[in-house]
file input.txt (compact mmCIF, N, CA and C atoms and all ligand atoms)
# COMPACT_ATOMS: atom_id res chain seq x y z
N MET A 155 78.45 91.41 131.03
CA MET A 155 77.68 90.72 129.99
C MET A 155 77.54 91.61 128.76
N VAL A 156 77.80 91.03 127.61
CA VAL A 156 77.69 91.78 126.35
C VAL A 156 76.27 91.66 125.83
N ASN A 157 75.62 92.79 125.64
CA ASN A 157 74.27 92.73 125.07
C ASN A 157 74.09 93.65 123.87
N PHE A 158 75.20 94.23 123.41
CA PHE A 158 75.11 95.11 122.25
C PHE A 158 76.43 95.02 121.50
N LEU A 159 76.37 94.50 120.29
CA LEU A 159 77.57 94.38 119.47
C LEU A 159 77.40 95.19 118.19
N THR A 160 78.51 95.80 117.74
CA THR A 160 78.54 96.48 116.45
C THR A 160 79.69 95.90 115.64
N ASP A 161 79.39 95.47 114.43
CA ASP A 161 80.43 95.05 113.50
C ASP A 161 80.86 96.32 112.76
N THR A 162 82.07 96.78 113.00
CA THR A 162 82.50 98.08 112.46
C THR A 162 83.12 97.98 111.07
N HIS A 163 83.19 96.76 110.50
CA HIS A 163 83.90 96.64 109.22
C HIS A 163 83.44 95.39 108.49
N ALA A 164 82.46 95.54 107.62
CA ALA A 164 81.96 94.40 106.86
C ALA A 164 81.81 94.79 105.40
N HIS A 165 82.18 93.85 104.51
CA HIS A 165 82.07 94.09 103.07
C HIS A 165 80.84 93.38 102.52
N LEU A 166 79.68 93.66 103.10
CA LEU A 166 78.46 92.95 102.71
C LEU A 166 77.96 93.35 101.33
N CYS A 167 78.50 94.42 100.74
CA CYS A 167 78.08 94.76 99.38
C CYS A 167 78.76 93.87 98.35
N ASP A 168 79.76 93.11 98.79
CA ASP A 168 80.49 92.25 97.86
C ASP A 168 79.55 91.21 97.23
N GLN A 169 79.80 90.94 95.96
CA GLN A 169 78.98 89.96 95.24
C GLN A 169 79.00 88.59 95.90
N ALA A 170 80.03 88.31 96.68
CA ALA A 170 80.11 87.02 97.36
C ALA A 170 78.90 86.80 98.26
N PHE A 171 78.21 87.89 98.65
CA PHE A 171 77.04 87.79 99.53
C PHE A 171 75.72 87.87 98.77
N ASP A 172 75.77 87.93 97.46
CA ASP A 172 74.52 88.10 96.70
C ASP A 172 73.53 86.95 96.94
N GLN A 173 74.04 85.76 97.20
CA GLN A 173 73.14 84.61 97.37
C GLN A 173 72.59 84.48 98.79
N ASP A 174 73.34 84.97 99.78
CA ASP A 174 72.90 84.70 101.17
C ASP A 174 73.03 85.91 102.10
N ARG A 175 73.00 87.12 101.53
CA ARG A 175 73.19 88.32 102.35
C ARG A 175 72.16 88.39 103.48
N ARG A 176 70.90 88.12 103.15
CA ARG A 176 69.85 88.20 104.16
C ARG A 176 70.11 87.22 105.31
N GLU A 177 70.55 86.00 104.97
CA GLU A 177 70.84 85.00 106.00
C GLU A 177 72.02 85.44 106.86
N VAL A 178 73.04 86.01 106.23
CA VAL A 178 74.22 86.49 106.97
C VAL A 178 73.79 87.57 107.97
N ILE A 179 72.96 88.50 107.53
CA ILE A 179 72.49 89.58 108.41
C ILE A 179 71.63 89.00 109.53
N ASN A 180 70.76 88.05 109.20
CA ASN A 180 69.92 87.43 110.23
C ASN A 180 70.76 86.71 111.27
N ARG A 181 71.79 85.98 110.82
CA ARG A 181 72.66 85.28 111.77
C ARG A 181 73.37 86.28 112.68
N ALA A 182 73.84 87.37 112.12
CA ALA A 182 74.53 88.39 112.93
C ALA A 182 73.58 88.95 113.98
N GLN A 183 72.35 89.25 113.57
CA GLN A 183 71.39 89.81 114.52
C GLN A 183 71.07 88.82 115.63
N LYS A 184 70.93 87.55 115.28
CA LYS A 184 70.65 86.52 116.29
C LYS A 184 71.81 86.39 117.28
N ALA A 185 73.02 86.68 116.81
CA ALA A 185 74.20 86.61 117.68
C ALA A 185 74.37 87.88 118.53
N GLY A 186 73.47 88.85 118.37
CA GLY A 186 73.52 90.05 119.19
C GLY A 186 74.09 91.27 118.50
N VAL A 187 74.40 91.17 117.22
CA VAL A 187 74.92 92.32 116.48
C VAL A 187 73.76 93.26 116.16
N LYS A 188 73.84 94.48 116.67
CA LYS A 188 72.76 95.46 116.48
C LYS A 188 73.00 96.38 115.28
N ALA A 189 74.26 96.55 114.93
CA ALA A 189 74.58 97.44 113.81
C ALA A 189 75.81 96.91 113.07
N ILE A 190 75.80 97.07 111.75
CA ILE A 190 76.92 96.63 110.91
C ILE A 190 77.32 97.80 110.01
N VAL A 191 78.57 98.22 110.10
CA VAL A 191 79.07 99.30 109.23
C VAL A 191 79.56 98.66 107.93
N LEU A 192 78.95 99.09 106.84
CA LEU A 192 79.30 98.56 105.51
C LEU A 192 80.39 99.41 104.91
N VAL A 193 81.62 98.91 104.90
CA VAL A 193 82.69 99.66 104.25
C VAL A 193 82.63 99.44 102.74
N GLY A 194 83.21 100.38 102.00
CA GLY A 194 83.24 100.27 100.55
C GLY A 194 84.64 100.51 100.03
N GLU A 195 84.92 99.93 98.88
CA GLU A 195 86.24 100.07 98.26
C GLU A 195 86.22 100.99 97.05
N THR A 196 85.02 101.27 96.52
CA THR A 196 84.88 102.04 95.27
C THR A 196 83.59 102.87 95.33
N LEU A 197 83.41 103.70 94.32
CA LEU A 197 82.16 104.48 94.20
C LEU A 197 80.97 103.54 94.03
N ASP A 198 81.13 102.49 93.24
CA ASP A 198 80.03 101.52 93.07
C ASP A 198 79.67 100.88 94.41
N ASP A 199 80.67 100.55 95.22
CA ASP A 199 80.40 100.00 96.55
C ASP A 199 79.60 101.00 97.39
N ALA A 200 79.98 102.29 97.30
CA ALA A 200 79.27 103.31 98.09
C ALA A 200 77.80 103.33 97.72
N LYS A 201 77.52 103.23 96.42
CA LYS A 201 76.12 103.23 95.97
C LYS A 201 75.39 101.99 96.47
N ARG A 202 76.05 100.83 96.39
CA ARG A 202 75.43 99.60 96.89
C ARG A 202 75.21 99.67 98.40
N ASN A 203 76.17 100.25 99.12
CA ASN A 203 76.02 100.35 100.58
C ASN A 203 74.83 101.24 100.94
N LEU A 204 74.64 102.33 100.21
CA LEU A 204 73.48 103.19 100.48
C LEU A 204 72.18 102.42 100.25
N ALA A 205 72.13 101.65 99.16
CA ALA A 205 70.92 100.89 98.86
C ALA A 205 70.66 99.85 99.95
N LEU A 206 71.72 99.16 100.38
CA LEU A 206 71.56 98.14 101.41
C LEU A 206 71.13 98.76 102.74
N ALA A 207 71.72 99.89 103.09
CA ALA A 207 71.35 100.55 104.35
C ALA A 207 69.89 101.00 104.31
N GLY A 208 69.39 101.33 103.11
CA GLY A 208 67.99 101.69 102.99
C GLY A 208 67.07 100.49 103.15
N GLU A 209 67.62 99.32 102.85
CA GLU A 209 66.84 98.08 102.91
C GLU A 209 66.81 97.48 104.32
N TYR A 210 67.93 97.59 105.04
CA TYR A 210 68.07 96.99 106.37
C TYR A 210 68.46 98.07 107.37
N PRO A 211 67.59 98.35 108.34
CA PRO A 211 67.90 99.41 109.31
C PRO A 211 69.18 99.16 110.12
N CYS A 212 69.59 97.91 110.28
CA CYS A 212 70.79 97.63 111.09
C CYS A 212 72.07 97.92 110.32
N LEU A 213 71.97 98.14 109.02
CA LEU A 213 73.17 98.39 108.20
C LEU A 213 73.45 99.89 108.11
N LYS A 214 74.71 100.27 108.32
CA LYS A 214 75.13 101.67 108.27
C LYS A 214 76.14 101.83 107.13
N ALA A 215 75.83 102.70 106.20
CA ALA A 215 76.66 102.84 105.00
C ALA A 215 77.93 103.63 105.28
N ALA A 216 79.03 103.15 104.72
CA ALA A 216 80.28 103.91 104.67
C ALA A 216 80.71 103.96 103.21
N ALA A 217 81.66 104.85 102.93
CA ALA A 217 82.16 104.99 101.57
C ALA A 217 83.63 105.36 101.62
N GLY A 218 84.42 104.71 100.78
CA GLY A 218 85.84 105.02 100.74
C GLY A 218 86.47 104.43 99.50
N LEU A 219 87.73 104.77 99.30
CA LEU A 219 88.49 104.26 98.17
C LEU A 219 89.63 103.40 98.72
N TYR A 220 89.54 102.11 98.46
CA TYR A 220 90.54 101.16 98.96
C TYR A 220 91.92 101.55 98.42
N PRO A 221 92.96 101.47 99.24
CA PRO A 221 94.29 101.96 98.79
C PRO A 221 94.78 101.31 97.49
N GLU A 222 94.40 100.08 97.26
CA GLU A 222 94.82 99.43 96.01
C GLU A 222 94.29 100.16 94.78
N TYR A 223 93.17 100.89 94.95
CA TYR A 223 92.55 101.60 93.82
C TYR A 223 92.85 103.09 93.86
N ALA A 224 93.91 103.49 94.56
CA ALA A 224 94.25 104.91 94.69
C ALA A 224 94.35 105.57 93.32
N ASP A 225 93.53 106.60 93.15
CA ASP A 225 93.47 107.34 91.89
C ASP A 225 92.84 108.70 92.22
N LEU A 226 93.51 109.78 91.79
CA LEU A 226 93.04 111.11 92.20
C LEU A 226 91.66 111.43 91.64
N GLU A 227 91.42 111.12 90.38
CA GLU A 227 90.11 111.45 89.78
C GLU A 227 89.00 110.64 90.42
N GLU A 228 89.26 109.35 90.66
CA GLU A 228 88.24 108.51 91.30
C GLU A 228 87.98 108.99 92.74
N ALA A 229 89.05 109.42 93.41
CA ALA A 229 88.88 109.95 94.77
C ALA A 229 87.98 111.19 94.74
N GLU A 230 88.22 112.08 93.78
CA GLU A 230 87.41 113.30 93.70
C GLU A 230 85.94 112.98 93.38
N ARG A 231 85.72 112.00 92.49
CA ARG A 231 84.34 111.60 92.19
C ARG A 231 83.64 111.06 93.44
N LEU A 232 84.35 110.23 94.18
CA LEU A 232 83.76 109.63 95.38
C LEU A 232 83.53 110.68 96.46
N ILE A 233 84.48 111.60 96.63
CA ILE A 233 84.33 112.66 97.63
C ILE A 233 83.13 113.54 97.28
N ALA A 234 82.95 113.87 96.00
CA ALA A 234 81.79 114.67 95.59
C ALA A 234 80.50 113.92 95.87
N PHE A 235 80.50 112.61 95.63
CA PHE A 235 79.32 111.78 95.89
C PHE A 235 78.97 111.80 97.39
N ILE A 236 79.98 111.69 98.23
CA ILE A 236 79.75 111.70 99.68
C ILE A 236 79.27 113.08 100.13
N ARG A 237 79.91 114.14 99.61
CA ARG A 237 79.54 115.51 100.01
C ARG A 237 78.10 115.84 99.63
N ASN A 238 77.59 115.19 98.58
CA ASN A 238 76.21 115.45 98.15
C ASN A 238 75.18 114.89 99.13
N GLN A 239 75.58 113.94 99.97
CA GLN A 239 74.64 113.31 100.90
C GLN A 239 75.36 112.87 102.17
N PRO A 240 76.03 113.81 102.84
CA PRO A 240 76.90 113.43 103.95
C PRO A 240 76.17 112.74 105.10
N ARG A 241 74.91 113.05 105.32
CA ARG A 241 74.19 112.45 106.45
C ARG A 241 73.76 111.02 106.15
N SER A 242 73.95 110.58 104.91
CA SER A 242 73.61 109.21 104.56
C SER A 242 74.70 108.23 104.98
N PHE A 243 75.87 108.75 105.34
CA PHE A 243 77.01 107.89 105.66
C PHE A 243 77.34 107.95 107.14
N SER A 244 77.72 106.78 107.68
CA SER A 244 78.10 106.68 109.09
C SER A 244 79.61 106.73 109.28
N ALA A 245 80.35 106.56 108.20
CA ALA A 245 81.81 106.55 108.30
C ALA A 245 82.41 106.74 106.91
N ILE A 246 83.70 107.11 106.91
CA ILE A 246 84.49 107.17 105.68
C ILE A 246 85.40 105.94 105.70
N GLY A 247 85.24 105.06 104.71
CA GLY A 247 86.10 103.87 104.67
C GLY A 247 85.55 102.81 103.73
N GLU A 248 86.34 102.07 103.25
CA GLU A 248 87.65 101.75 103.76
C GLU A 248 88.71 102.56 103.03
N VAL A 249 89.51 103.26 103.79
CA VAL A 249 90.59 104.07 103.23
C VAL A 249 91.87 103.79 104.01
N GLY A 250 93.00 104.17 103.45
CA GLY A 250 94.24 103.97 104.19
C GLY A 250 95.43 103.75 103.30
N LEU A 251 96.37 102.96 103.81
CA LEU A 251 97.64 102.72 103.13
C LEU A 251 97.92 101.23 103.07
N ASP A 252 98.42 100.78 101.93
CA ASP A 252 98.81 99.39 101.79
C ASP A 252 100.13 99.33 101.04
N PHE A 253 101.21 99.29 101.81
CA PHE A 253 102.54 99.29 101.20
C PHE A 253 103.00 97.87 100.88
N TRP A 254 102.18 96.89 101.18
CA TRP A 254 102.44 95.53 100.72
C TRP A 254 102.09 95.45 99.23
N ILE A 255 101.01 96.16 98.87
CA ILE A 255 100.61 96.22 97.46
C ILE A 255 101.48 97.23 96.71
N ALA A 256 101.65 98.42 97.30
CA ALA A 256 102.43 99.48 96.65
C ALA A 256 103.89 99.36 97.08
N LYS A 257 104.71 98.83 96.21
CA LYS A 257 106.13 98.63 96.54
C LYS A 257 106.98 99.85 96.19
N GLU A 258 106.55 100.61 95.17
CA GLU A 258 107.34 101.74 94.69
C GLU A 258 106.92 103.03 95.41
N GLU A 259 107.89 103.93 95.62
CA GLU A 259 107.62 105.17 96.35
C GLU A 259 106.54 106.01 95.66
N GLU A 260 106.51 106.02 94.34
CA GLU A 260 105.52 106.82 93.61
C GLU A 260 104.10 106.35 93.93
N ALA A 261 103.91 105.04 93.94
CA ALA A 261 102.59 104.49 94.25
C ALA A 261 102.24 104.73 95.72
N ARG A 262 103.22 104.65 96.60
CA ARG A 262 102.97 104.91 98.02
C ARG A 262 102.57 106.37 98.25
N GLU A 263 103.24 107.28 97.55
CA GLU A 263 102.92 108.70 97.70
C GLU A 263 101.51 108.98 97.21
N LEU A 264 101.10 108.35 96.12
CA LEU A 264 99.73 108.52 95.63
C LEU A 264 98.73 108.04 96.69
N GLN A 265 99.01 106.91 97.32
CA GLN A 265 98.14 106.42 98.39
C GLN A 265 98.06 107.44 99.53
N ARG A 266 99.21 108.04 99.88
CA ARG A 266 99.22 109.04 100.96
C ARG A 266 98.35 110.25 100.59
N VAL A 267 98.49 110.72 99.36
CA VAL A 267 97.73 111.90 98.91
C VAL A 267 96.23 111.61 98.96
N VAL A 268 95.84 110.44 98.45
CA VAL A 268 94.42 110.07 98.44
C VAL A 268 93.91 109.90 99.89
N PHE A 269 94.71 109.24 100.72
CA PHE A 269 94.32 109.02 102.12
C PHE A 269 94.10 110.37 102.82
N ARG A 270 95.04 111.32 102.59
CA ARG A 270 94.89 112.65 103.21
C ARG A 270 93.57 113.31 102.81
N LYS A 271 93.19 113.16 101.54
CA LYS A 271 91.93 113.76 101.09
C LYS A 271 90.75 113.19 101.89
N PHE A 272 90.76 111.89 102.14
CA PHE A 272 89.66 111.29 102.89
C PHE A 272 89.73 111.63 104.37
N ILE A 273 90.95 111.79 104.91
CA ILE A 273 91.08 112.23 106.30
C ILE A 273 90.47 113.63 106.45
N GLU A 274 90.79 114.52 105.49
CA GLU A 274 90.24 115.88 105.53
C GLU A 274 88.72 115.86 105.39
N LEU A 275 88.21 114.99 104.52
CA LEU A 275 86.76 114.87 104.33
C LEU A 275 86.10 114.41 105.63
N ALA A 276 86.70 113.43 106.28
CA ALA A 276 86.14 112.92 107.54
C ALA A 276 86.08 114.03 108.58
N GLY A 277 87.12 114.84 108.64
CA GLY A 277 87.13 115.97 109.57
C GLY A 277 86.06 116.99 109.22
N GLU A 278 85.97 117.29 107.94
CA GLU A 278 84.99 118.27 107.46
C GLU A 278 83.57 117.83 107.78
N LEU A 279 83.27 116.54 107.61
CA LEU A 279 81.91 116.03 107.80
C LEU A 279 81.69 115.44 109.19
N ASP A 280 82.74 115.46 110.02
CA ASP A 280 82.67 114.91 111.38
C ASP A 280 82.23 113.44 111.36
N LEU A 281 82.87 112.68 110.48
CA LEU A 281 82.60 111.24 110.38
C LEU A 281 83.85 110.46 110.78
N PRO A 282 83.67 109.28 111.41
CA PRO A 282 84.85 108.46 111.74
C PRO A 282 85.48 107.88 110.48
N LEU A 283 86.78 107.60 110.58
CA LEU A 283 87.51 106.94 109.50
C LEU A 283 87.57 105.44 109.78
N ASN A 284 87.38 104.64 108.76
CA ASN A 284 87.52 103.19 108.87
C ASN A 284 88.77 102.85 108.06
N VAL A 285 89.86 102.56 108.76
CA VAL A 285 91.20 102.57 108.15
C VAL A 285 91.75 101.18 107.85
N HIS A 286 92.31 101.06 106.66
CA HIS A 286 93.07 99.89 106.24
C HIS A 286 94.54 100.26 106.35
N SER A 287 95.34 99.41 107.01
CA SER A 287 96.78 99.65 107.09
C SER A 287 97.51 98.31 107.01
N ARG A 288 98.35 98.19 106.00
CA ARG A 288 99.13 96.96 105.86
C ARG A 288 100.55 97.33 105.44
N SER A 289 101.50 96.89 106.26
CA SER A 289 102.93 97.14 105.99
C SER A 289 103.20 98.63 105.79
N ALA A 290 102.43 99.48 106.49
CA ALA A 290 102.54 100.92 106.25
C ALA A 290 102.66 101.73 107.54
N TRP A 291 103.12 101.10 108.62
CA TRP A 291 103.21 101.84 109.89
C TRP A 291 104.10 103.05 109.75
ZN ZN A 301 88.04 95.63 104.62
call {"tool": "encode", "arguments": {"input": "input.txt", "output": "structure tokens"}}
result
Amino acid sequence: MVNFLTDTHAHLCDQAFDQDRREVINRAQKAGVKAIVLVGETLDDAKRNLALAGEYPCLKAAAGLYPEYADLEEAERLIAFIRNQPRSFSAIGEVGLDFWIAKEEEARELQRVVFRKFIELAGELDLPLNVHSRSAW
């Protein structure tokens, strides 16, 4: 019998939930979900996830740079933000590789470099990685 569920990957910081986020969380809890990991795609998402996790004890903040937004400077800004408050985060993500979006080798290599930085950060902070992988095995 299942009596404890964790949603390990939810984008509840998305504006699509601005009208009914509380109802969505209530429905999840009624269905037995005890914890929801809020993944982020950008630095702004990371900030929103922290605020939401402060508002709802069942929400666990994560922070990452979605592969579509791979950018070295943005990655460094986000990594510095996470390093400033590492215990506030439950995971690093959403990070990874998306070679369906990145068709050219140059763009794929940039995704690899950024992904490696977040893998190293996860190791350094002993946090799990929440990985996106599409057409990139
Ligand atoms: Zn996702």
call {"tool": "closest_residue", "arguments": {"input": "input.txt", "among": "A:Val285, A:Cys167, A:Ala182, A:Ala205", "to": "Gly218 in chain A", "atoms": "only C-alpha atoms"}}
result
A:Val285
call {"tool": "residues_around", "arguments": {"input": "input.txt", "residues": "Pro221 in chain A", "least_positions_apart": "2", "cutoff": "6 Å", "atoms": "only N, CA and C atoms", "output": "PyMOL selection string"}}
result
chain A and resi 219+223-224+248-252+265
call {"tool": "write_last_selection", "arguments": {"input": "input.txt", "atoms": "N, CA and C atoms", "output": "PDB file, in the frame of the given file"}}
result
ATOM      1  N   LEU A 219      87.730 104.770  99.300  1.00  0.00           N
ATOM      2  CA  LEU A 219      88.490 104.260  98.170  1.00  0.00           C
ATOM      3  C   LEU A 219      89.630 103.400  98.720  1.00  0.00           C
ATOM      4  N   TYR A 223      93.170 100.890  94.950  1.00  0.00           N
ATOM      5  CA  TYR A 223      92.550 101.600  93.820  1.00  0.00           C
ATOM      6  C   TYR A 223      92.850 103.090  93.860  1.00  0.00           C
ATOM      7  N   ALA A 224      93.910 103.490  94.560  1.00  0.00           N
ATOM      8  CA  ALA A 224      94.250 104.910  94.690  1.00  0.00           C
ATOM      9  C   ALA A 224      94.350 105.570  93.320  1.00  0.00           C
ATOM     10  N   GLU A 248      86.340 102.070 103.250  1.00  0.00           N
ATOM     11  CA  GLU A 248      87.650 101.750 103.760  1.00  0.00           C
ATOM     12  C   GLU A 248      88.710 102.560 103.030  1.00  0.00           C
ATOM     13  N   VAL A 249      89.510 103.260 103.790  1.00  0.00           N
ATOM     14  CA  VAL A 249      90.590 104.070 103.230  1.00  0.00           C
ATOM     15  C   VAL A 249      91.870 103.790 104.010  1.00  0.00           C
ATOM     16  N   GLY A 250      93.000 104.170 103.450  1.00  0.00           N
ATOM     17  CA  GLY A 250      94.240 103.970 104.190  1.00  0.00           C
ATOM     18  C   GLY A 250      95.430 103.750 103.300  1.00  0.00           C
ATOM     19  N   LEU A 251      96.370 102.960 103.810  1.00  0.00           N
ATOM     20  CA  LEU A 251      97.640 102.720 103.130  1.00  0.00           C
ATOM     21  C   LEU A 251      97.920 101.230 103.070  1.00  0.00           C
ATOM     22  N   ASP A 252      98.420 100.780 101.930  1.00  0.00           N
ATOM     23  CA  ASP A 252      98.810  99.390 101.790  1.00  0.00           C
ATOM     24  C   ASP A 252     100.130  99.330 101.040  1.00  0.00           C
ATOM     25  N   GLN A 265      99.010 106.910  97.320  1.00  0.00           N
ATOM     26  CA  GLN A 265      98.140 106.420  98.390  1.00  0.00           C
ATOM     27  C   GLN A 265      98.060 107.440  99.530  1.00  0.00           C
TER      28      GLN A 265
END
call {"tool": "closest_atom_pairs", "arguments": {"input": "input.txt", "of": "range 227-280 of chain A", "to": "range 183-202 of chain A", "cutoff": "12 Å", "atoms": "only C-alpha atoms", "output": "tab-separated table"}}
result
residue	atom	partner	partner_atom	distance
A:Glu227	CA	A:Leu197	CA	11.5
A:Glu228	CA	A:Leu197	CA	7.8
A:Ala229	CA	A:Leu197	CA	8.7
A:Glu230	CA	A:Leu197	CA	10.3
A:Arg231	CA	A:Leu197	CA	7.7
A:Leu232	CA	A:Leu197	CA	5.5
A:Ile233	CA	A:Leu197	CA	9.1
A:Ala234	CA	A:Leu197	CA	10.3
A:Phe235	CA	A:Leu197	CA	8.0
A:Ile236	CA	A:Ala200	CA	8.6
A:Gln239	CA	A:Lys201	CA	11.3
A:Pro240	CA	A:Ala200	CA	11.9
A:Ser242	CA	A:Ala200	CA	10.4
A:Phe243	CA	A:Ala200	CA	9.1
A:Ser244	CA	A:Val191	CA	7.4
A:Ala245	CA	A:Val191	CA	7.8
A:Ile246	CA	A:Val193	CA	7.9
A:Gly247	CA	A:Val193	CA	5.4
A:Glu248	CA	A:Val193	CA	5.4
A:Val249	CA	A:Glu195	CA	7.7
A:Gly250	CA	A:Glu195	CA	10.7
call {"tool": "select_by_dssp", "arguments": {"input": "input.txt", "residues": "range 177-218 of chain A", "states": "helix (DSSP H, G or I)", "output": "number ranges by chain"}}
result
A: 177-184, 197-209
call {"tool": "closest_residue", "arguments": {"input": "input.txt", "among": "A:Leu226, A:His165, A:Lys257, A:Val178", "to": "ligand ZN 301 (chain A)", "atoms": "all atoms listed in the file"}}
result
A:His165
call {"tool": "closest_residue", "arguments": {"input": "input.txt", "among": "A:Arg266, A:Arg241, A:His286, A:Arg176", "to": "ligand ZN 301 (chain A)", "atoms": "only N, CA and C atoms and all ligand atoms"}}
result
A:His286
call {"tool": "atom_distance", "arguments": {"input": "input.txt", "atom1": "CA of Phe253 in chain A", "atom2": "atom C of Arg288 in chain A"}}
result
5.1 Å
call {"tool": "residues_around", "arguments": {"input": "input.txt", "residues": "Ile273 in chain A", "least_positions_apart": "4", "cutoff": "8 Å", "atoms": "only C-alpha atoms", "output": "list in words"}}
result
Phe269, Gly277 and Leu283 of chain A
call {"tool": "closest_residue", "arguments": {"input": "input.txt", "among": "A:Ala164, A:Ala261, A:Ile179, A:Ala276", "to": "ligand ZN 301 (chain A)", "atoms": "all atoms listed in the file"}}
result
A:Ala164
call {"tool": "select_by_dssp", "arguments": {"input": "input.txt", "residues": "range 155-262 of chain A", "states": "strand (DSSP E or B)", "output": "ChimeraX atom specification"}}
result
/A:159-164,187-192,213-217,245-252
call {"tool": "closest_residue", "arguments": {"input": "input.txt", "among": "A:Asn284, A:Gln169, A:Thr160, A:Asn203", "to": "ligand ZN 301 (chain A)", "atoms": "only C-alpha atoms and all ligand atoms"}}
result
A:Asn284
call {"tool": "atom_distance", "arguments": {"input": "input.txt", "atom1": "atom N of Glu222 in chain A", "atom2": "CA of Ser289 in chain A"}}
result
12.6 Å
call {"tool": "decode", "arguments": {"input": "input.txt", "residues": "range 181-192 of chain A", "atoms": "C-alpha atoms", "output": "PDB file, in the first residue's frame"}}
result
ATOM      1  CA  ARG A 181      -5.351  18.341  -4.656  1.00  0.00           C
ATOM      2  CA  ALA A 182      -1.878  16.785  -4.610  1.00  0.00           C
ATOM      3  CA  GLN A 183      -1.897  16.596  -0.817  1.00  0.00           C
ATOM      4  CA  LYS A 184      -5.364  15.014  -0.791  1.00  0.00           C
ATOM      5  CA  ALA A 185      -4.045  12.395  -3.232  1.00  0.00           C
ATOM      6  CA  GLY A 186      -1.262  11.494  -0.778  1.00  0.00           C
ATOM      7  CA  VAL A 187       1.590  13.634  -2.107  1.00  0.00           C
ATOM      8  CA  LYS A 188       3.656  14.668   0.925  1.00  0.00           C
ATOM      9  CA  ALA A 189       6.405  16.586  -0.850  1.00  0.00           C
ATOM     10  CA  ILE A 190       6.797  18.323  -4.220  1.00  0.00           C
ATOM     11  CA  VAL A 191      10.214  19.244  -5.646  1.00  0.00           C
ATOM     12  CA  LEU A 192       9.939  22.542  -7.509  1.00  0.00           C
TER      13      LEU A 192
END
